[in-house]
Amino acid sequence: MGFPRLVSSNPMTTSFSPPSLSTPSELGSVLQQQGFGVLDAQGVSTLSGCALDELEHLRPLWANLPPDAFLKDGGRYRRRRHSCFVVQDGYVSQVAHRAHWQPVEYNALHGGINRLFDPMLPEMVMQPVWPKLLVWLAEVASSLKGLQPWFVEAHQFRIDTTDGIGRPTPEGAHRDGVDLVAVFMVDRVGIKGGETRVFDAAGPDGQRFTLTQPWSVLLLDDARVIHETTPIQPLQPLAPDAHRDTMVVTLRAGGFQGPGQ
């Protein structure tokens, strides 16, 4: 099964027709073939068992994310929360709050430093839909890499246009140093841009598209592909609330990234 067909050639409005998948094992075969895949919101709901209205109940929790104090480009455009979990044998446990760390090889801009962000709120992680979503992602990761415990980092992001533009990936095209990356679109308000680009890590092949549907998801086999998202701009000058909300969930075998892990 191939990657979802692009239905527009305009890079600002490119969309996708999601693949027709019904089980995690089918999704795993797509990821094995090409290293990435996209599901629409209904596909996410079908595969994860998460009702769309349950997922929608999470969306207001992006409204008051704290500023990211670690942006080395001096920007004010990113807000986020971050928490860590372990998924094993179908159960999810939240671990003690810890810093986010990436090696310089994967994040040349912010790698090599401990970045301690505010944790996700109990109103988020105590929702019944939250562990269901993580257990499903662990099943996807196990279909790729084998059944094992998964060390999960979850990031709520809001990118806004406070500085005129907002940069979803200020580090540029990158890998995350994990096994599976899930990028959920949560909301787009009053913006243009934010085009996702996925490249073969071993060659020039790539795809470009724009996630627009709330709770659609891009899934990436991090060992095989490099990804980035282009900057956003407001549709109207001086728009007070133009933003792009996403949730990025990474799964890694063997432990969390960090010195001594």
# chains A, B, ... in the order shown; residues from 1 in each chain; ligands from 1
>>> select_by_dssp(residues="stretch 72-161 of chain A", states="alpha helix (DSSP H)", output="tab-separated table (two decimals) with C-alpha atoms, in the first residue's frame")
chain	number	residue	atom	x	y	z
A	122	PRO	CA	-3.63	16.06	35.33
A	123	GLU	CA	-6.70	17.11	33.33
A	124	MET	CA	-4.88	15.69	30.30
A	125	VAL	CA	-3.21	12.53	31.54
A	129	VAL	CA	-8.62	8.43	26.30
A	130	TRP	CA	-4.99	9.26	27.08
A	131	PRO	CA	-3.70	5.78	28.04
A	132	LYS	CA	-5.74	4.26	25.20
A	133	LEU	CA	-3.91	6.46	22.74
A	134	LEU	CA	-0.48	5.57	24.16
A	135	VAL	CA	-1.23	1.85	24.24
A	136	TRP	CA	-2.19	1.99	20.56
A	137	LEU	CA	1.02	3.82	19.65
A	138	ALA	CA	3.00	1.20	21.57
A	139	GLU	CA	1.28	-1.50	19.50
A	140	VAL	CA	2.32	0.32	16.34
A	141	ALA	CA	5.91	0.57	17.58
A	142	SER	CA	5.95	-3.12	18.52
A	143	SER	CA	4.70	-4.07	15.05
A	144	LEU	CA	7.80	-2.36	13.69
A	145	LYS	CA	10.46	-3.23	16.25
>>> residues_around(residues="stretch 194-210 of chain A", least_positions_apart="2", cutoff="6 Å", atoms="only C-alpha atoms", output="VMD selection string")
chain A and resid 14 to 15 224 to 232
>>> closest_residue(among="A:Pro168, A:Gly146, A:Gly49, A:Gly177", to="A:Phe256", atoms="only C-alpha atoms")
A:Gly177
>>> residues_around(residues="A:Thr246", least_positions_apart="5", cutoff="8 Å", atoms="only C-alpha atoms", output="PyMOL selection string")
chain A and resi 156-158+183-187
>>> closest_residue(among="A:Gly166, A:Pro60, A:Gly74, A:Gly43", to="A:Glu26", atoms="only C-alpha atoms")
A:Gly43
>>> atom_distance(atom1="atom CA of A:Arg79", atom2="atom CA of A:Arg244")
10.5 Å
>>> residues_around(residues="A:Val87", least_positions_apart="4", cutoff="8 Å", atoms="only C-alpha atoms", output="ChimeraX atom specification")
/A:91-93,134-135,138,149-152
>>> atom_distance(atom1="atom CA of A:Ser83", atom2="atom CA of A:Asp179")
17.6 Å
>>> residues_around(residues="A:Pro234", least_positions_apart="3", cutoff="8 Å", atoms="only C-alpha atoms", output="list of chain:residue names")
A:Thr161, A:Gly164, A:Ile165, A:Gly190, A:Ile191, A:Lys192, A:Pro237, A:Leu238, A:Ala239, A:Ala242, A:His243
>>> atom_distance(atom1="atom CA of A:Leu47", atom2="atom CA of A:Met126")
20.9 Å
>>> select_by_dssp(residues="stretch 85-203 of chain A", states="strand (DSSP E or B)", output="ChimeraX atom specification")
/A:85-88,91-94,100,115,150-160,166,174,180-189,191-193,196-200
>>> closest_residue(among="A:Asp40, A:Glu153, A:Asp222, A:Glu171", to="A:Val249", atoms="only C-alpha atoms")
A:Glu153
